[in-house]
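A.B. asks: Below you will find the structure I want to go over with you.
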Amino acid sequence: MWIFLNDRFVDKKEAVVSVFDHGFLYGDGIYETLRAYGGRLFMLQQHLARMRRSAHLIGLDIPIPEKDWPALLTEAIRRNELADAHLRITVSRGEGEIGLDPALCPRPTVVIVAKPLALYPTYLFHDGASLAIVRVRRNLVTALSPQIKSLNFLNNILAKQEAVRAGAFDGLMLNADGYLAECTTSNLFFVRGGRLCTPTVECGILDGITRNVVLVLARENGIPSEEGRYPAEDLRRAEECFLTNTTMEIMPVREVDKAPLGAGCPGPVTLRLQELFRANLPRFLAEPVT
């Protein structure tokens, strides 16, 4: 397995990071996850733009020029002889003395990992996933902006642990005001009165790339949709529900807190959006880098 580390590809055994790296010590850094279909990267420019935004928001200079990223990611796929792939970019503050001052780290650490795509179990897409509304709240927007895709993932980890203890596939977090926010690694959609609803970014969620694709497809195909602030009770009365992220695409939800949703899973709007996503997928894939 080949890993890109800082300025070159190295064998997995050589891909080591210092114990003084501030990403390890403090979670000081950012990451981005991408998916490749047949070697072509999904929503590449949008993912790179979000990575640049995350870096800007924490005052981190990414040492690799913007123009070089498509070729680097493509090379990571090719070197590992992959077609359908899962890629993760990690950029940490870098190695430095112990202390919180970013100036202690002269150069960021950059890692690209490309792995075979590990698909979610098929039954989740046929039968739907189960969610538990957890007690762990989403980070307060004024404390840690959700627009930073940060290496500090403890908020989500605690929510995931609580969901596992409840016997659920994932945990659904509310924000500090008690409105629906997002799951630990995915955005939330539900259907109520035939209208597609999803929490607004102002609720403290990450603006998921696949989330935005679903909203575009809904608008283009006459599916009424809205972004808003919703109490948990709105979800419990929903006719359908599904989750989105880059690797799961669109995953239906069958129950929340062990209570079934709607009359069946997946529902008609979910199925329609799954069909539209697959039919339109080629337009969202970057052209191969030669």
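Quick note on naming: the chains in the structure tokens go A, B, ... in the order shown, residues restart at 1 in each chain, and ligands are numbered from 1 in order of appearance.
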Leaving out segment 156-162 of chain A and any residue of its chain fewer than 5 positions from it, which residues lie within 9 Å of it when counting only C-alpha atoms, given as a compact mmCIF listing (two decimals) with N, CA and C atoms, in the first residue's frame?
C.D. replies:
```txt
# COMPACT_ATOMS: atom_id res chain seq x y z
N ALA A 132 -30.65 6.62 16.91
CA ALA A 132 -31.00 6.98 18.28
C ALA A 132 -30.69 8.46 18.46
N VAL A 134 -29.38 11.09 20.52
CA VAL A 134 -28.46 10.95 21.66
C VAL A 134 -28.48 12.19 22.54
N ARG A 135 -27.99 12.03 23.76
CA ARG A 135 -27.92 13.16 24.69
C ARG A 135 -26.77 14.10 24.34
N VAL A 136 -25.72 13.56 23.71
CA VAL A 136 -24.60 14.40 23.32
C VAL A 136 -25.07 15.43 22.30
N ARG A 137 -24.85 16.69 22.58
CA ARG A 137 -25.27 17.75 21.66
C ARG A 137 -24.15 18.09 20.68
N ARG A 138 -24.55 18.57 19.53
CA ARG A 138 -23.57 19.02 18.54
C ARG A 138 -22.83 20.22 19.11
N GLY A 167 -28.05 0.35 20.81
CA GLY A 167 -28.34 -0.65 19.79
C GLY A 167 -28.72 -0.07 18.45
N ALA A 168 -28.31 1.17 18.17
CA ALA A 168 -28.65 1.84 16.91
C ALA A 168 -27.46 1.86 15.96
N PHE A 169 -27.76 2.01 14.69
CA PHE A 169 -26.71 2.14 13.68
C PHE A 169 -25.90 3.41 13.90
N ASP A 170 -26.59 4.50 14.23
CA ASP A 170 -25.88 5.77 14.43
C ASP A 170 -26.66 6.66 15.38
N GLY A 171 -25.96 7.68 15.86
CA GLY A 171 -26.56 8.65 16.75
C GLY A 171 -26.91 9.93 16.02
N LEU A 172 -28.07 10.45 16.30
CA LEU A 172 -28.53 11.72 15.75
C LEU A 172 -28.42 12.77 16.84
N MET A 173 -27.63 13.81 16.57
CA MET A 173 -27.39 14.86 17.55
C MET A 173 -28.34 16.04 17.34
N CYS A 183 -26.04 13.43 12.07
CA CYS A 183 -25.50 12.21 12.66
C CYS A 183 -23.98 12.33 12.75
N THR A 184 -23.34 11.26 13.21
CA THR A 184 -21.91 11.37 13.52
C THR A 184 -21.05 11.55 12.28
N THR A 185 -21.48 11.00 11.14
CA THR A 185 -20.71 11.17 9.90
C THR A 185 -21.62 11.43 8.69
```
A.B. asks: What lies within 9 Å of Ala286 of chain A using only C-alpha atoms, ignoring chain neighbours under 6 positions off, as number ranges by chain?
C.D. replies: A: 40-45, 70
A.B. asks: With N, CA and C atoms kept, could you save the residues just selected as a PDB file, in the first residue's frame?
C.D. replies:
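Listed below is the output, part_9.pdb:
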```
ATOM      1  N   ARG A  40     -12.558   7.899 -11.136  1.00  0.00           N
ATOM      2  CA  ARG A  40     -12.963   9.298 -11.252  1.00  0.00           C
ATOM      3  C   ARG A  40     -13.499   9.791  -9.918  1.00  0.00           C
ATOM      4  N   LEU A  41     -13.046  10.946  -9.487  1.00  0.00           N
ATOM      5  CA  LEU A  41     -13.354  11.455  -8.153  1.00  0.00           C
ATOM      6  C   LEU A  41     -14.677  12.221  -8.136  1.00  0.00           C
ATOM      7  N   PHE A  42     -15.477  11.925  -7.128  1.00  0.00           N
ATOM      8  CA  PHE A  42     -16.800  12.528  -6.965  1.00  0.00           C
ATOM      9  C   PHE A  42     -16.672  13.936  -6.388  1.00  0.00           C
ATOM     10  N   MET A  43     -17.236  14.906  -7.085  1.00  0.00           N
ATOM     11  CA  MET A  43     -17.299  16.301  -6.637  1.00  0.00           C
ATOM     12  C   MET A  43     -15.923  16.792  -6.154  1.00  0.00           C
ATOM     13  N   LEU A  44     -14.923  16.551  -6.973  1.00  0.00           N
ATOM     14  CA  LEU A  44     -13.536  16.826  -6.577  1.00  0.00           C
ATOM     15  C   LEU A  44     -13.328  18.284  -6.192  1.00  0.00           C
ATOM     16  N   GLN A  45     -13.729  19.205  -7.048  1.00  0.00           N
ATOM     17  CA  GLN A  45     -13.448  20.616  -6.775  1.00  0.00           C
ATOM     18  C   GLN A  45     -14.179  21.109  -5.525  1.00  0.00           C
ATOM     19  N   PRO A  70      -5.417  17.384  -7.984  1.00  0.00           N
ATOM     20  CA  PRO A  70      -6.038  16.342  -8.813  1.00  0.00           C
ATOM     21  C   PRO A  70      -5.048  15.260  -9.250  1.00  0.00           C
TER      22      PRO A  70
END
```
A.B. asks: Residues of segment 7-225 of chain A in alpha helix (DSSP H) according to DSSP, as a PDB file with N, CA and C atoms, in the first residue's frame?
C.D. replies:
```pdb
ATOM      1  N   HIS A  22       1.319  18.028  16.047  1.00  0.00           N
ATOM      2  CA  HIS A  22       0.215  18.657  16.779  1.00  0.00           C
ATOM      3  C   HIS A  22      -1.156  18.100  16.390  1.00  0.00           C
ATOM      4  N   GLY A  23      -1.226  17.400  15.257  1.00  0.00           N
ATOM      5  CA  GLY A  23      -2.462  16.687  14.960  1.00  0.00           C
ATOM      6  C   GLY A  23      -2.677  15.563  15.953  1.00  0.00           C
ATOM      7  N   PHE A  24      -1.593  14.861  16.309  1.00  0.00           N
ATOM      8  CA  PHE A  24      -1.652  13.799  17.308  1.00  0.00           C
ATOM      9  C   PHE A  24      -1.823  14.361  18.708  1.00  0.00           C
ATOM     10  N   LEU A  25      -1.090  15.405  19.044  1.00  0.00           N
ATOM     11  CA  LEU A  25      -1.112  15.939  20.401  1.00  0.00           C
ATOM     12  C   LEU A  25      -2.409  16.678  20.734  1.00  0.00           C
ATOM     13  N   TYR A  26      -2.929  17.432  19.762  1.00  0.00           N
ATOM     14  CA  TYR A  26      -4.049  18.332  20.065  1.00  0.00           C
ATOM     15  C   TYR A  26      -5.239  18.227  19.103  1.00  0.00           C
ATOM     16  N   LEU A  44     -14.923  16.551  -6.973  1.00  0.00           N
ATOM     17  CA  LEU A  44     -13.536  16.826  -6.577  1.00  0.00           C
ATOM     18  C   LEU A  44     -13.328  18.284  -6.192  1.00  0.00           C
ATOM     19  N   GLN A  45     -13.729  19.205  -7.048  1.00  0.00           N
ATOM     20  CA  GLN A  45     -13.448  20.616  -6.775  1.00  0.00           C
ATOM     21  C   GLN A  45     -14.179  21.109  -5.525  1.00  0.00           C
ATOM     22  N   GLN A  46     -15.370  20.578  -5.282  1.00  0.00           N
ATOM     23  CA  GLN A  46     -16.110  20.971  -4.080  1.00  0.00           C
ATOM     24  C   GLN A  46     -15.413  20.468  -2.818  1.00  0.00           C
ATOM     25  N   HIS A  47     -14.889  19.245  -2.872  1.00  0.00           N
ATOM     26  CA  HIS A  47     -14.153  18.721  -1.718  1.00  0.00           C
ATOM     27  C   HIS A  47     -12.876  19.533  -1.473  1.00  0.00           C
ATOM     28  N   LEU A  48     -12.169  19.861  -2.539  1.00  0.00           N
ATOM     29  CA  LEU A  48     -10.939  20.638  -2.369  1.00  0.00           C
ATOM     30  C   LEU A  48     -11.244  22.041  -1.857  1.00  0.00           C
ATOM     31  N   ALA A  49     -12.342  22.623  -2.323  1.00  0.00           N
ATOM     32  CA  ALA A  49     -12.721  23.955  -1.842  1.00  0.00           C
ATOM     33  C   ALA A  49     -13.065  23.909  -0.351  1.00  0.00           C
ATOM     34  N   ARG A  50     -13.752  22.859   0.075  1.00  0.00           N
ATOM     35  CA  ARG A  50     -14.088  22.746   1.491  1.00  0.00           C
ATOM     36  C   ARG A  50     -12.825  22.532   2.337  1.00  0.00           C
ATOM     37  N   MET A  51     -11.870  21.781   1.800  1.00  0.00           N
ATOM     38  CA  MET A  51     -10.614  21.595   2.517  1.00  0.00           C
ATOM     39  C   MET A  51      -9.878  22.929   2.677  1.00  0.00           C
ATOM     40  N   ARG A  52      -9.859  23.721   1.616  1.00  0.00           N
ATOM     41  CA  ARG A  52      -9.204  25.036   1.703  1.00  0.00           C
ATOM     42  C   ARG A  52      -9.918  25.924   2.719  1.00  0.00           C
ATOM     43  N   ARG A  53     -11.249  25.850   2.745  1.00  0.00           N
ATOM     44  CA  ARG A  53     -12.015  26.643   3.722  1.00  0.00           C
ATOM     45  C   ARG A  53     -11.671  26.225   5.144  1.00  0.00           C
ATOM     46  N   SER A  54     -11.632  24.913   5.397  1.00  0.00           N
ATOM     47  CA  SER A  54     -11.275  24.425   6.724  1.00  0.00           C
ATOM     48  C   SER A  54      -9.899  24.928   7.134  1.00  0.00           C
ATOM     49  N   ALA A  55      -8.948  24.836   6.209  1.00  0.00           N
ATOM     50  CA  ALA A  55      -7.588  25.287   6.506  1.00  0.00           C
ATOM     51  C   ALA A  55      -7.565  26.774   6.818  1.00  0.00           C
ATOM     52  N   HIS A  56      -8.286  27.554   6.021  1.00  0.00           N
ATOM     53  CA  HIS A  56      -8.318  29.003   6.234  1.00  0.00           C
ATOM     54  C   HIS A  56      -8.894  29.338   7.608  1.00  0.00           C
ATOM     55  N   LEU A  57      -9.937  28.625   8.010  1.00  0.00           N
ATOM     56  CA  LEU A  57     -10.611  28.937   9.270  1.00  0.00           C
ATOM     57  C   LEU A  57      -9.762  28.625  10.496  1.00  0.00           C
ATOM     58  N   TRP A  69      -3.349  19.056  -6.669  1.00  0.00           N
ATOM     59  CA  TRP A  69      -4.145  18.070  -5.953  1.00  0.00           C
ATOM     60  C   TRP A  69      -4.795  17.024  -6.855  1.00  0.00           C
ATOM     61  N   PRO A  70      -5.417  17.384  -7.984  1.00  0.00           N
ATOM     62  CA  PRO A  70      -6.038  16.342  -8.813  1.00  0.00           C
ATOM     63  C   PRO A  70      -5.048  15.260  -9.250  1.00  0.00           C
ATOM     64  N   ALA A  71      -3.862  15.665  -9.663  1.00  0.00           N
ATOM     65  CA  ALA A  71      -2.869  14.677 -10.092  1.00  0.00           C
ATOM     66  C   ALA A  71      -2.391  13.820  -8.926  1.00  0.00           C
ATOM     67  N   LEU A  72      -2.208  14.418  -7.752  1.00  0.00           N
ATOM     68  CA  LEU A  72      -1.765  13.659  -6.583  1.00  0.00           C
ATOM     69  C   LEU A  72      -2.802  12.607  -6.177  1.00  0.00           C
ATOM     70  N   LEU A  73      -4.059  13.003  -6.143  1.00  0.00           N
ATOM     71  CA  LEU A  73      -5.112  12.068  -5.757  1.00  0.00           C
ATOM     72  C   LEU A  73      -5.257  10.953  -6.785  1.00  0.00           C
ATOM     73  N   THR A  74      -5.165  11.309  -8.051  1.00  0.00           N
ATOM     74  CA  THR A  74      -5.228  10.295  -9.105  1.00  0.00           C
ATOM     75  C   THR A  74      -4.059   9.326  -8.997  1.00  0.00           C
ATOM     76  N   GLU A  75      -2.877   9.848  -8.704  1.00  0.00           N
ATOM     77  CA  GLU A  75      -1.703   8.987  -8.551  1.00  0.00           C
ATOM     78  C   GLU A  75      -1.853   8.051  -7.358  1.00  0.00           C
ATOM     79  N   ALA A  76      -2.477   8.536  -6.278  1.00  0.00           N
ATOM     80  CA  ALA A  76      -2.716   7.677  -5.117  1.00  0.00           C
ATOM     81  C   ALA A  76      -3.621   6.500  -5.493  1.00  0.00           C
ATOM     82  N   ILE A  77      -4.621   6.751  -6.328  1.00  0.00           N
ATOM     83  CA  ILE A  77      -5.509   5.682  -6.790  1.00  0.00           C
ATOM     84  C   ILE A  77      -4.743   4.707  -7.683  1.00  0.00           C
ATOM     85  N   ARG A  78      -3.974   5.244  -8.610  1.00  0.00           N
ATOM     86  CA  ARG A  78      -3.259   4.391  -9.570  1.00  0.00           C
ATOM     87  C   ARG A  78      -2.187   3.547  -8.901  1.00  0.00           C
ATOM     88  N   ARG A  79      -1.428   4.147  -8.002  1.00  0.00           N
ATOM     89  CA  ARG A  79      -0.348   3.409  -7.339  1.00  0.00           C
ATOM     90  C   ARG A  79      -0.883   2.225  -6.540  1.00  0.00           C
ATOM     91  N   THR A 122     -25.410  -4.302   2.453  1.00  0.00           N
ATOM     92  CA  THR A 122     -26.529  -4.111   1.532  1.00  0.00           C
ATOM     93  C   THR A 122     -27.864  -4.009   2.250  1.00  0.00           C
ATOM     94  N   TYR A 123     -28.009  -4.755   3.350  1.00  0.00           N
ATOM     95  CA  TYR A 123     -29.311  -4.779   4.035  1.00  0.00           C
ATOM     96  C   TYR A 123     -29.720  -3.388   4.529  1.00  0.00           C
ATOM     97  N   LEU A 124     -28.737  -2.520   4.819  1.00  0.00           N
ATOM     98  CA  LEU A 124     -29.082  -1.189   5.298  1.00  0.00           C
ATOM     99  C   LEU A 124     -29.824  -0.387   4.237  1.00  0.00           C
ATOM    100  N   PHE A 125     -29.527  -0.630   2.973  1.00  0.00           N
ATOM    101  CA  PHE A 125     -30.177   0.104   1.896  1.00  0.00           C
ATOM    102  C   PHE A 125     -31.539  -0.507   1.546  1.00  0.00           C
ATOM    103  N   HIS A 126     -31.738  -1.785   1.878  1.00  0.00           N
ATOM    104  CA  HIS A 126     -33.030  -2.431   1.637  1.00  0.00           C
ATOM    105  C   HIS A 126     -33.975  -2.263   2.830  1.00  0.00           C
ATOM    106  N   ASP A 127     -33.435  -2.467   4.033  1.00  0.00           N
ATOM    107  CA  ASP A 127     -34.273  -2.458   5.240  1.00  0.00           C
ATOM    108  C   ASP A 127     -34.232  -1.131   5.985  1.00  0.00           C
ATOM    109  N   LEU A 154     -13.989  14.271  18.822  1.00  0.00           N
ATOM    110  CA  LEU A 154     -14.464  13.669  20.057  1.00  0.00           C
ATOM    111  C   LEU A 154     -15.963  13.841  20.246  1.00  0.00           C
ATOM    112  N   ASN A 155     -16.512  14.966  19.834  1.00  0.00           N
ATOM    113  CA  ASN A 155     -17.957  15.188  19.931  1.00  0.00           C
ATOM    114  C   ASN A 155     -18.721  14.067  19.222  1.00  0.00           C
ATOM    115  N   ASN A 156     -18.297  13.733  18.009  1.00  0.00           N
ATOM    116  CA  ASN A 156     -18.953  12.702  17.210  1.00  0.00           C
ATOM    117  C   ASN A 156     -18.702  11.313  17.783  1.00  0.00           C
ATOM    118  N   ILE A 157     -17.494  11.084  18.310  1.00  0.00           N
ATOM    119  CA  ILE A 157     -17.166   9.784  18.889  1.00  0.00           C
ATOM    120  C   ILE A 157     -18.047   9.494  20.098  1.00  0.00           C
ATOM    121  N   LEU A 158     -18.245  10.491  20.953  1.00  0.00           N
ATOM    122  CA  LEU A 158     -19.105  10.306  22.118  1.00  0.00           C
ATOM    123  C   LEU A 158     -20.545  10.005  21.697  1.00  0.00           C
ATOM    124  N   ALA A 159     -21.005  10.680  20.638  1.00  0.00           N
ATOM    125  CA  ALA A 159     -22.358  10.418  20.140  1.00  0.00           C
ATOM    126  C   ALA A 159     -22.457   9.010  19.564  1.00  0.00           C
ATOM    127  N   LYS A 160     -21.423   8.564  18.863  1.00  0.00           N
ATOM    128  CA  LYS A 160     -21.412   7.214  18.303  1.00  0.00           C
ATOM    129  C   LYS A 160     -21.430   6.171  19.412  1.00  0.00           C
ATOM    130  N   GLN A 161     -20.652   6.379  20.455  1.00  0.00           N
ATOM    131  CA  GLN A 161     -20.639   5.441  21.576  1.00  0.00           C
ATOM    132  C   GLN A 161     -22.028   5.313  22.203  1.00  0.00           C
ATOM    133  N   GLU A 162     -22.702   6.449  22.362  1.00  0.00           N
ATOM    134  CA  GLU A 162     -24.033   6.429  22.952  1.00  0.00           C
ATOM    135  C   GLU A 162     -25.013   5.677  22.054  1.00  0.00           C
ATOM    136  N   ALA A 163     -24.898   5.860  20.737  1.00  0.00           N
ATOM    137  CA  ALA A 163     -25.774   5.160  19.799  1.00  0.00           C
ATOM    138  C   ALA A 163     -25.540   3.656  19.847  1.00  0.00           C
ATOM    139  N   VAL A 164     -24.282   3.252  19.901  1.00  0.00           N
ATOM    140  CA  VAL A 164     -23.965   1.821  19.976  1.00  0.00           C
ATOM    141  C   VAL A 164     -24.559   1.207  21.236  1.00  0.00           C
ATOM    142  N   ARG A 165     -24.457   1.914  22.351  1.00  0.00           N
ATOM    143  CA  ARG A 165     -25.042   1.398  23.598  1.00  0.00           C
ATOM    144  C   ARG A 165     -26.556   1.265  23.486  1.00  0.00           C
ATOM    145  N   ILE A 209     -21.185  17.524   1.066  1.00  0.00           N
ATOM    146  CA  ILE A 209     -21.142  17.598  -0.401  1.00  0.00           C
ATOM    147  C   ILE A 209     -22.318  16.826  -1.001  1.00  0.00           C
ATOM    148  N   THR A 210     -22.555  15.596  -0.522  1.00  0.00           N
ATOM    149  CA  THR A 210     -23.673  14.806  -1.039  1.00  0.00           C
ATOM    150  C   THR A 210     -25.007  15.441  -0.648  1.00  0.00           C
ATOM    151  N   ARG A 211     -25.067  16.044   0.530  1.00  0.00           N
ATOM    152  CA  ARG A 211     -26.265  16.783   0.935  1.00  0.00           C
ATOM    153  C   ARG A 211     -26.613  17.827  -0.119  1.00  0.00           C
ATOM    154  N   ASN A 212     -25.623  18.580  -0.557  1.00  0.00           N
ATOM    155  CA  ASN A 212     -25.873  19.622  -1.549  1.00  0.00           C
ATOM    156  C   ASN A 212     -26.301  19.037  -2.892  1.00  0.00           C
ATOM    157  N   VAL A 213     -25.725  17.891  -3.264  1.00  0.00           N
ATOM    158  CA  VAL A 213     -26.124  17.226  -4.508  1.00  0.00           C
ATOM    159  C   VAL A 213     -27.595  16.829  -4.437  1.00  0.00           C
ATOM    160  N   VAL A 214     -28.025  16.271  -3.314  1.00  0.00           N
ATOM    161  CA  VAL A 214     -29.420  15.862  -3.154  1.00  0.00           C
ATOM    162  C   VAL A 214     -30.353  17.067  -3.267  1.00  0.00           C
ATOM    163  N   LEU A 215     -29.980  18.183  -2.676  1.00  0.00           N
ATOM    164  CA  LEU A 215     -30.823  19.374  -2.784  1.00  0.00           C
ATOM    165  C   LEU A 215     -30.916  19.865  -4.225  1.00  0.00           C
ATOM    166  N   VAL A 216     -29.812  19.790  -4.948  1.00  0.00           N
ATOM    167  CA  VAL A 216     -29.823  20.182  -6.368  1.00  0.00           C
ATOM    168  C   VAL A 216     -30.739  19.252  -7.161  1.00  0.00           C
ATOM    169  N   LEU A 217     -30.613  17.953  -6.954  1.00  0.00           N
ATOM    170  CA  LEU A 217     -31.440  16.996  -7.681  1.00  0.00           C
ATOM    171  C   LEU A 217     -32.918  17.182  -7.356  1.00  0.00           C
ATOM    172  N   ALA A 218     -33.221  17.474  -6.109  1.00  0.00           N
ATOM    173  CA  ALA A 218     -34.619  17.703  -5.724  1.00  0.00           C
ATOM    174  C   ALA A 218     -35.184  18.914  -6.452  1.00  0.00           C
ATOM    175  N   ARG A 219     -34.424  20.006  -6.459  1.00  0.00           N
ATOM    176  CA  ARG A 219     -34.899  21.226  -7.134  1.00  0.00           C
ATOM    177  C   ARG A 219     -35.076  20.984  -8.630  1.00  0.00           C
ATOM    178  N   GLU A 220     -34.136  20.282  -9.241  1.00  0.00           N
ATOM    179  CA  GLU A 220     -34.198  20.057 -10.687  1.00  0.00           C
ATOM    180  C   GLU A 220     -35.361  19.160 -11.093  1.00  0.00           C
TER     181      GLU A 220
END
```
A.B. asks: Could you go through segment 203-254 of chain A and tell me which residues DSSP, when run on the backbone, assigns to strand (DSSP E), listing them as a PyMOL selection string?
C.D. replies: chain A and resi 225-228+240-245+249-254
A.B. asks: Got time to write the residues from that selection, N, CA and C atoms, as a PDB file, in the first residue's frame?
C.D. replies:
```
ATOM      1  N   SER A 225     -38.596  21.036  -1.464  1.00  0.00           N
ATOM      2  CA  SER A 225     -37.577  20.856  -0.427  1.00  0.00           C
ATOM      3  C   SER A 225     -37.376  22.150   0.340  1.00  0.00           C
ATOM      4  N   GLU A 226     -36.857  22.016   1.547  1.00  0.00           N
ATOM      5  CA  GLU A 226     -36.584  23.183   2.376  1.00  0.00           C
ATOM      6  C   GLU A 226     -35.490  22.853   3.381  1.00  0.00           C
ATOM      7  N   GLU A 227     -34.793  23.889   3.813  1.00  0.00           N
ATOM      8  CA  GLU A 227     -33.827  23.792   4.902  1.00  0.00           C
ATOM      9  C   GLU A 227     -34.378  24.618   6.056  1.00  0.00           C
ATOM     10  N   GLY A 228     -34.358  24.054   7.264  1.00  0.00           N
ATOM     11  CA  GLY A 228     -34.956  24.775   8.375  1.00  0.00           C
ATOM     12  C   GLY A 228     -34.480  24.279   9.724  1.00  0.00           C
ATOM     13  N   GLU A 240     -40.781   9.613   5.814  1.00  0.00           N
ATOM     14  CA  GLU A 240     -39.549   8.970   5.367  1.00  0.00           C
ATOM     15  C   GLU A 240     -38.368   9.690   6.002  1.00  0.00           C
ATOM     16  N   CYS A 241     -37.224   9.006   5.966  1.00  0.00           N
ATOM     17  CA  CYS A 241     -35.995   9.617   6.463  1.00  0.00           C
ATOM     18  C   CYS A 241     -34.822   8.941   5.773  1.00  0.00           C
ATOM     19  N   PHE A 242     -33.771   9.699   5.509  1.00  0.00           N
ATOM     20  CA  PHE A 242     -32.551   9.087   4.989  1.00  0.00           C
ATOM     21  C   PHE A 242     -31.339   9.931   5.375  1.00  0.00           C
ATOM     22  N   LEU A 243     -30.169   9.307   5.238  1.00  0.00           N
ATOM     23  CA  LEU A 243     -28.892   9.936   5.548  1.00  0.00           C
ATOM     24  C   LEU A 243     -28.069  10.060   4.280  1.00  0.00           C
ATOM     25  N   THR A 244     -27.152  11.037   4.278  1.00  0.00           N
ATOM     26  CA  THR A 244     -26.256  11.187   3.132  1.00  0.00           C
ATOM     27  C   THR A 244     -24.828  11.450   3.600  1.00  0.00           C
ATOM     28  N   ASN A 245     -23.889  10.841   2.902  1.00  0.00           N
ATOM     29  CA  ASN A 245     -22.489  11.251   2.939  1.00  0.00           C
ATOM     30  C   ASN A 245     -21.797  10.697   1.712  1.00  0.00           C
ATOM     31  N   GLU A 249     -23.678   7.521   0.069  1.00  0.00           N
ATOM     32  CA  GLU A 249     -24.596   8.132  -0.884  1.00  0.00           C
ATOM     33  C   GLU A 249     -25.914   8.459  -0.168  1.00  0.00           C
ATOM     34  N   ILE A 250     -26.969   7.668  -0.398  1.00  0.00           N
ATOM     35  CA  ILE A 250     -28.276   7.919   0.225  1.00  0.00           C
ATOM     36  C   ILE A 250     -28.719   6.639   0.927  1.00  0.00           C
ATOM     37  N   MET A 251     -28.808   6.679   2.248  1.00  0.00           N
ATOM     38  CA  MET A 251     -29.170   5.494   3.033  1.00  0.00           C
ATOM     39  C   MET A 251     -30.501   5.723   3.749  1.00  0.00           C
ATOM     40  N   PRO A 252     -31.499   4.880   3.498  1.00  0.00           N
ATOM     41  CA  PRO A 252     -32.785   5.066   4.170  1.00  0.00           C
ATOM     42  C   PRO A 252     -32.714   4.740   5.663  1.00  0.00           C
ATOM     43  N   VAL A 253     -33.601   5.346   6.419  1.00  0.00           N
ATOM     44  CA  VAL A 253     -33.721   5.123   7.861  1.00  0.00           C
ATOM     45  C   VAL A 253     -35.098   4.527   8.131  1.00  0.00           C
ATOM     46  N   ARG A 254     -35.127   3.434   8.887  1.00  0.00           N
ATOM     47  CA  ARG A 254     -36.405   2.764   9.160  1.00  0.00           C
ATOM     48  C   ARG A 254     -37.018   3.154  10.487  1.00  0.00           C
TER      49      ARG A 254
END
```
A.B. asks: Which is closer to Ile30 of chain A than all the others in A:Lys149, A:Arg93, A:Lys13, A:Lys115, using only C-alpha atoms?
C.D. replies: A:Lys149
A.B. asks: So that I can see what lies close to Asn6 of chain A, please list as a PDB file with N, CA and C atoms, in the first residue's frame the residues with an atom at most 7 Å from it, counting only C-alpha atoms and leaving out residues fewer than 4 positions away in the same chain.
C.D. replies:
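Written file, selection10.pdb:
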```pdb
ATOM      1  N   THR A 109       1.925  18.737   8.223  1.00  0.00           N
ATOM      2  CA  THR A 109       2.054  17.356   7.766  1.00  0.00           C
ATOM      3  C   THR A 109       0.888  17.044   6.835  1.00  0.00           C
ATOM      4  N   VAL A 110       1.182  16.485   5.656  1.00  0.00           N
ATOM      5  CA  VAL A 110       0.152  16.146   4.666  1.00  0.00           C
ATOM      6  C   VAL A 110       0.183  14.646   4.401  1.00  0.00           C
ATOM      7  N   VAL A 111      -0.971  14.014   4.490  1.00  0.00           N
ATOM      8  CA  VAL A 111      -1.080  12.575   4.243  1.00  0.00           C
ATOM      9  C   VAL A 111      -2.258  12.328   3.301  1.00  0.00           C
TER      10      VAL A 111
END
```
A.B. asks: Considering only C-alpha atoms, return as an NGL selection string whatever protein or nucleic-acid residues lie within 10 Å of Ile205 of chain A, sequence-local ones (same chain, fewer than 2 positions apart) excluded.
C.D. replies: :A and (138-139 or 141 or 145-147 or 173-175 or 180-183 or 186-188 or 199-203 or 207-208)
A.B. asks: For each of A:Thr90, A:Ser18, A:Ile64, A:Ile223, take the minimum atom-to-atom distance to Arg272 of chain A, counting only C-alpha atoms, then give the residue where this is smallest.
C.D. replies: A:Ile223
A.B. asks: Which of these, A:Met248, A:Gly204, A:Glu255, A:Asn221, has the shortest distance to Leu276 of chain A once you count only C-alpha atoms?
C.D. replies: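 Between A:Met248, A:Gly204, A:Glu255, A:Asn221, the residue approaching Leu276 of chain A most closely is A:Asn221.
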